[in-house]
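Undergrad: Got run-v1.txt for you, compact mmCIF, C-alpha atoms:
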# COMPACT_ATOMS: atom_id res chain seq x y z
CA MET Y 298 -11.20 16.55 -6.01
CA GLY Y 299 -9.12 16.36 -2.84
CA LEU Y 300 -5.37 15.89 -2.63
CA SER Y 301 -3.67 13.57 -0.16
CA VAL Y 302 -1.29 15.21 2.32
CA TYR Y 303 0.30 14.05 5.56
CA ALA Y 304 0.55 16.05 8.76
CA SER Y 305 3.58 13.98 9.78
CA ARG Y 306 6.78 14.01 7.76
CA ASP Y 307 7.56 10.50 9.03
CA HIS Y 308 4.29 9.23 7.63
CA ALA Y 309 4.98 10.90 4.28
CA VAL Y 310 8.42 9.29 4.14
CA GLN Y 311 6.98 5.92 5.13
CA CYS Y 312 4.37 6.17 2.37
CA ALA Y 313 6.88 7.19 -0.31
CA GLN Y 314 9.23 4.35 0.69
CA GLN Y 315 6.48 1.77 0.42
CA TYR Y 316 5.33 2.83 -3.06
CA PRO Y 317 8.31 4.25 -4.98
CA ARG Y 318 6.31 4.73 -8.20
CA ILE Y 319 4.34 7.52 -6.50
CA GLY Y 320 7.44 9.73 -6.62
CA ASN Y 321 10.63 10.36 -4.70
CA LYS Y 322 10.30 13.95 -3.47
CA ILE Y 323 8.55 15.13 -0.31
CA ALA Y 324 7.67 18.79 0.12
CA ARG Y 325 6.51 20.70 3.17
CA LEU Y 326 3.66 23.18 2.91
CA SER Y 327 2.07 25.57 5.38
CA LEU Y 328 -1.56 25.99 4.46
CA PRO Y 329 -3.15 29.38 5.21
CA PRO Y 330 -6.94 29.65 5.36
CA MET Y 331 -7.11 30.91 1.77
CA SER Y 332 -5.45 27.70 0.54
CA GLY Y 333 -8.67 25.72 0.90
CA LYS Y 334 -10.16 23.15 3.26
CA ILE Y 335 -8.41 20.27 4.96
CA LEU Y 336 -9.90 17.32 6.79
CA GLU Y 337 -8.41 14.35 8.61
CA THR Y 338 -9.29 11.30 6.56
CA ASP Y 339 -6.86 8.80 8.00
CA GLY Y 340 -9.13 5.95 8.89
CA GLY Y 341 -7.27 5.76 12.20
CA PHE Y 342 -4.01 4.43 10.79
CA ASP Y 343 -1.80 7.49 10.14
CA SER Y 344 -1.85 11.29 9.76
CA HIS Y 345 -3.40 11.33 6.30
CA ASN Y 346 -5.48 14.39 5.44
CA THR Y 347 -7.40 15.39 2.36
CA TRP Y 348 -6.88 18.93 1.09
CA TRP Y 349 -9.38 20.61 -1.19
CA LYS Y 350 -7.28 23.37 -2.72
CA THR Y 351 -8.68 26.72 -3.84
CA GLN Y 352 -7.98 27.73 -7.42
CA GLU Y 353 -6.04 30.85 -6.45
CA PHE Y 354 -3.57 29.10 -4.13
CA ASP Y 355 -0.34 28.07 -5.85
CA PRO Y 356 1.23 25.19 -3.89
CA LEU Y 357 4.46 25.30 -5.91
CA SER Y 358 5.24 28.80 -4.70
CA ALA Y 359 4.74 27.74 -1.07
CA ALA Y 360 6.36 24.29 -1.13
CA LEU Y 361 9.80 23.43 0.16
CA VAL Y 362 11.31 20.08 -0.79
CA VAL Y 363 12.41 18.48 2.46
CA ALA Y 364 13.35 14.97 1.35
CA ILE Y 365 14.44 13.17 -1.79
CA LEU Y 366 14.34 9.40 -1.46
CA MET R 916 2.63 0.65 -20.02
CA LEU R 917 3.18 -1.84 -17.20
CA SER R 918 6.00 -4.35 -17.55
CA GLN R 919 5.46 -8.00 -18.38
CA ILE R 920 5.84 -10.23 -15.33
CA GLU R 921 7.38 -13.68 -15.51
CA GLY R 922 5.37 -16.31 -13.67
CA VAL R 923 2.37 -18.59 -13.89
CA ARG R 924 -0.81 -17.00 -15.13
CA LEU R 925 -3.80 -18.14 -13.06
CA GLU R 926 -7.40 -18.51 -14.05
CA ASN R 927 -9.51 -15.51 -13.08
CA PRO R 928 -10.96 -14.80 -10.68
CA LEU R 929 -8.85 -16.37 -7.96
CA TRP R 930 -11.37 -15.19 -5.36
CA SER R 931 -15.00 -14.22 -5.64
CA ALA R 932 -15.41 -12.20 -2.46
CA PHE R 933 -13.59 -11.02 0.65
CA SER R 934 -14.95 -11.52 4.13
CA PHE R 935 -13.23 -8.29 5.03
CA ASP R 936 -11.46 -5.63 3.07
CA VAL R 937 -9.63 -2.81 4.88
CA ILE R 938 -7.65 0.10 3.45
CA LEU R 939 -4.56 0.42 5.64
CA GLN R 940 -2.86 3.21 3.74
CA TYR R 941 -4.36 5.79 1.43
CA TYR R 942 -2.59 8.33 -0.74
CA ASP R 943 -4.61 9.70 -3.65
CA GLY R 944 -6.28 6.32 -3.62
CA PRO R 945 -5.86 3.06 -1.71
CA ARG R 946 -2.22 1.90 -1.49
CA LEU R 947 -2.22 -0.89 1.08
CA LEU R 948 -5.07 -3.32 1.59
CA LEU R 949 -5.74 -6.09 4.05
CA GLN R 950 -8.20 -8.62 2.76
CA ARG R 951 -9.41 -12.06 3.76
CA SER R 952 -10.82 -14.35 1.10
CA ALA R 953 -14.04 -16.24 1.66
CA GLY R 954 -11.84 -19.30 2.16
CA GLY R 955 -10.04 -17.62 5.06
CA GLN R 956 -6.71 -16.69 3.43
CA LEU R 957 -5.28 -13.35 4.55
CA TYR R 958 -3.68 -11.11 1.93
CA LEU R 959 -1.69 -7.95 2.43
CA ALA R 960 -1.74 -6.10 -0.89
CA TRP R 961 0.58 -3.25 -1.93
CA TRP R 962 -0.22 -0.90 -4.80
CA SER R 963 2.75 -1.22 -7.09
CA ASP R 964 2.17 0.74 -10.28
CA SER R 965 -0.47 1.92 -12.71
CA ASP R 966 -0.96 3.18 -16.24
CA GLU R 967 -3.98 4.48 -18.18
CA SER R 968 -5.78 1.16 -18.23
CA ARG R 969 -4.71 -0.85 -15.19
CA GLU R 970 -3.51 -0.82 -11.62
CA ARG R 971 -0.96 -3.36 -10.48
CA TRP R 972 -1.16 -4.82 -6.97
CA ILE R 973 1.14 -7.26 -5.20
CA TYR R 974 -0.81 -9.72 -3.07
CA LEU R 975 1.11 -11.46 -0.30
CA PRO R 976 -0.70 -14.43 1.25
CA LEU R 977 0.26 -14.56 4.89
CA SER R 978 -0.54 -15.80 8.37
CA GLU R 979 -1.79 -13.57 11.16
CA ARG R 980 1.57 -13.81 12.88
CA ARG R 981 3.40 -12.71 9.77
CA LEU R 982 0.87 -9.93 9.29
CA ARG R 983 1.59 -8.59 12.76
CA ALA R 984 5.34 -8.71 12.10
CA ILE R 985 5.03 -6.73 8.86
CA LEU R 986 2.53 -4.16 10.14
CA SER R 987 4.64 -3.50 13.23
CA GLY R 988 7.81 -3.12 11.16
CA GLU R 989 9.50 -6.11 12.80
CA ILE R 990 9.95 -7.39 9.25
CA SER R 991 10.54 -4.89 6.45
CA SER R 992 7.98 -4.87 3.66
CA LEU R 993 10.53 -5.92 1.07
CA GLU R 994 11.76 -8.79 3.25
CA GLY R 995 8.16 -9.89 3.69
CA LEU R 996 7.59 -9.86 -0.05
CA LYS R 997 10.86 -11.62 -0.84
CA THR R 998 10.31 -14.41 1.68
CA PRO R 999 6.62 -15.34 1.37
CA GLU R 1000 5.55 -18.06 3.77
CA ASP R 1001 3.92 -20.11 1.03
CA GLY R 1002 6.71 -19.48 -1.47
CA TYR R 1003 4.82 -17.24 -3.84
CA LEU R 1004 3.05 -13.93 -4.21
CA LEU R 1005 0.45 -12.79 -6.70
CA VAL R 1006 0.73 -9.86 -9.07
CA VAL R 1007 -2.83 -8.78 -9.79
CA ASP R 1008 -3.67 -6.26 -12.51
CA LYS R 1009 -7.05 -4.58 -12.07
CA GLU R 1010 -9.22 -2.27 -14.12
CA PRO R 1011 -9.16 0.99 -12.11
CA GLU R 1012 -12.82 1.98 -12.41
CA SER R 1013 -14.54 -1.36 -11.95
CA ASN R 1014 -11.78 -2.93 -9.81
CA SER R 1015 -12.25 -6.09 -11.85
CA VAL R 1016 -9.25 -8.40 -12.19
CA ILE R 1017 -7.57 -8.35 -15.61
CA GLN R 1018 -4.90 -10.93 -14.88
CA THR R 1019 -3.26 -12.73 -11.98
CA ILE R 1020 0.34 -13.95 -12.08
CA MET R 1021 1.79 -16.27 -9.44
CA THR R 1022 5.39 -15.25 -9.13
CA GLN R 1023 8.25 -14.06 -6.90
CA ALA R 1024 9.27 -10.54 -5.88
CA GLU R 1025 12.39 -10.86 -8.04
CA ALA R 1026 10.17 -10.84 -11.14
CA LEU R 1027 9.17 -7.24 -10.44
CA PRO R 1028 11.25 -4.13 -11.23
CA GLU R 1029 13.03 -2.85 -8.11
CA ASP R 1030 11.13 0.44 -8.12
CA ALA R 1031 7.81 -1.40 -8.22
CA LEU R 1032 8.56 -2.80 -4.75
CA PRO R 1033 9.00 -1.09 -1.36
CA LEU R 1034 12.46 0.35 -0.82
CA PRO R 1035 14.94 -1.85 1.08
CA GLY R 1036 14.52 -1.33 4.79
CA ALA R 1037 11.15 0.43 4.46
CA ARG R 1038 9.03 -0.62 7.40
CA LEU R 1039 5.39 -0.13 8.18
CA ASN R 1040 4.32 1.19 11.54
CA LEU R 1041 0.61 0.53 11.50
CA PRO R 1042 -1.77 -0.79 14.13
CA VAL R 1043 -3.38 -4.16 13.70
CA PRO R 1044 -6.94 -3.64 12.43
CA THR R 1045 -9.73 -4.44 14.83
CA GLU R 1046 -10.85 -7.30 12.61
CA ILE R 1047 -7.57 -9.06 13.48
CA LYS R 1048 -7.23 -7.88 17.06
CA GLY R 1049 -9.88 -10.29 18.27
CA ILE R 1050 -7.78 -13.27 17.25
CA PRO R 1051 -5.16 -14.39 19.80
CA GLU R 1052 -1.53 -14.14 18.72
CA GLU R 1053 0.22 -17.41 18.01
CA ASP R 1054 2.98 -18.40 20.41
CA GLY R 1055 6.56 -19.07 19.54
CA PRO R 1056 9.34 -17.30 17.69
CA LEU R 1057 8.92 -15.95 14.20
CA ASN R 1058 10.94 -18.23 12.00
CA ASN R 1059 10.32 -16.65 8.62
Would you encode the structure as structure tokens?

TA:
Amino acid sequence: MGLSVYASRDHAVQCAQQYPRIGNKIARLSLPPMSGKILETDGGFDSHNTWWKTQEFDPLSAALVVAIL
Amino acid sequence: MLSQIEGVRLENPLWSAFSFDVILQYYDGPRLLLQRSAGGQLYLAWWSDSDESRERWIYLPLSERRLRAILSGEISSLEGLKTPEDGYLLVVDKEPESNSVIQTIMTQAEALPEDALPLPGARLNLPVPTEIKGIPEEDGPLNN
């Protein structure tokens, strides 16, 4: 199952502001090749991507919280 | 468990089909929809909340002019929801798997918890879908 991520911080902030029940923290991640596969799945409207994470990659160890709404 | 919403419960279903149905924003599932009922009414629908058994959506009936103003960010999403052109919005609870409507409440934005609505000042910055682009913009200032 893929996870939703944004390439643009502005788009991530915009999304979180529109739907507060999703959560109020935004984290930045750099994804090395071993982290999995990523594909643009934006439908032409924003920078949405889907990330299929490998089991061995731990996103929490690589994430930096960059915004709290 | 989702909160109870004050308002007028409508008979289901309010609509039987949509002549178009576009996902404008997606984040681990659809979050913002643009739909047009078979009768021609446009709806912009925000995902609001969910629990184990239902998803809650806020349906704003709106004109094409109002749609353009909200999608462009000229009007904030919350302002759009708090000042609906027809004086009401619809809170629609759906069954997540089948997407079937569980209940529809005609109400106002004030009936919803604050954190179930877009944050104050939050503005969209989305292009107008091609389904709408073919329709000429209405003239005149935006009064509401």

Undergrad: Give me the residues of chain Y that have any atom at most 7 Å from an atom of chain R; for each, the nearest atom pair and the distance in Å, rounded to one decimal. Use only C-alpha atoms, sort by chain and number, and format it as CSV.

TA:
residue,atom,partner,partner_atom,distance
Y:Leu300,CA,R:Asp943,CA,6.3
Y:Ser301,CA,R:Asp943,CA,5.3
Y:Gln311,CA,R:Ala1037,CA,6.9
Y:Gln314,CA,R:Leu1034,CA,5.4
Y:Gln315,CA,R:Pro1033,CA,4.2
Y:Tyr316,CA,R:Pro1033,CA,5.6
Y:Pro317,CA,R:Asp1030,CA,5.7
Y:Arg318,CA,R:Asp964,CA,6.1
Y:Phe342,CA,R:Leu1041,CA,6.1

Undergrad: List as an mmCIF file with C-alpha atoms, in the frame of the given file the protein and nucleic acid residues near Tyr958 of chain R, meaning an atom at most 9 Å away when all atoms listed in the file are counted, but skip any in the same chain fewer than 5 places from it.

TA:
data_model
loop_
_atom_site.group_PDB
_atom_site.id
_atom_site.type_symbol
_atom_site.label_atom_id
_atom_site.label_comp_id
_atom_site.auth_asym_id
_atom_site.auth_seq_id
_atom_site.Cartn_x
_atom_site.Cartn_y
_atom_site.Cartn_z
ATOM 1 C CA LEU R 948 -5.070 -3.320 1.590
ATOM 2 C CA LEU R 949 -5.740 -6.090 4.050
ATOM 3 C CA GLN R 950 -8.200 -8.620 2.760
ATOM 4 C CA ARG R 951 -9.410 -12.060 3.760
ATOM 5 C CA SER R 952 -10.820 -14.350 1.100
ATOM 6 C CA TYR R 974 -0.810 -9.720 -3.070
ATOM 7 C CA LEU R 975 1.110 -11.460 -0.300
ATOM 8 C CA PRO R 976 -0.700 -14.430 1.250
ATOM 9 C CA LEU R 977 0.260 -14.560 4.890
ATOM 10 C CA SER R 978 -0.540 -15.800 8.370
ATOM 11 C CA LEU R 982 0.870 -9.930 9.290
#

Undergrad: Skipping near chain neighbours, those fewer than 3 positions away, what residues fall within 10 Å of Thr338 of chain Y using all atoms listed in the file, listed as number ranges by chain?

TA: Y: 301-302, 335, 341-348; R: 941

Undergrad: What is the atom CA of Trp972 of chain R to atom CA of Trp349 of chain Y distance in Å?

TA: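 Result for atom CA of Trp972 of chain R versus atom CA of Trp349 of chain Y: 27.3 Å, one decimal.
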
Undergrad: Check the smallest atom-to-atom distance from each of R:Glu989, R:Gln1023, R:Glu967, R:Glu1046 to Pro1011 of chain R using only C-alpha atoms, then report the winner.

TA: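 Smallest distance to Pro1011 of chain R is found for R:Glu967.
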
Undergrad: Quick one: pull the distance between atom CA of Val1016 of chain R and atom CA of Ala984 of chain R, Å, one decimal.

TA: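 Interatomic distance, atom CA of Val1016 of chain R to atom CA of Ala984 of chain R: 28.3 Å.
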
Undergrad: What is the distance between atom CA of Ser305 of chain Y and atom CA of Met331 of chain Y, in Å to one decimal?

TA: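 Those two atoms sit 21.6 Å apart.
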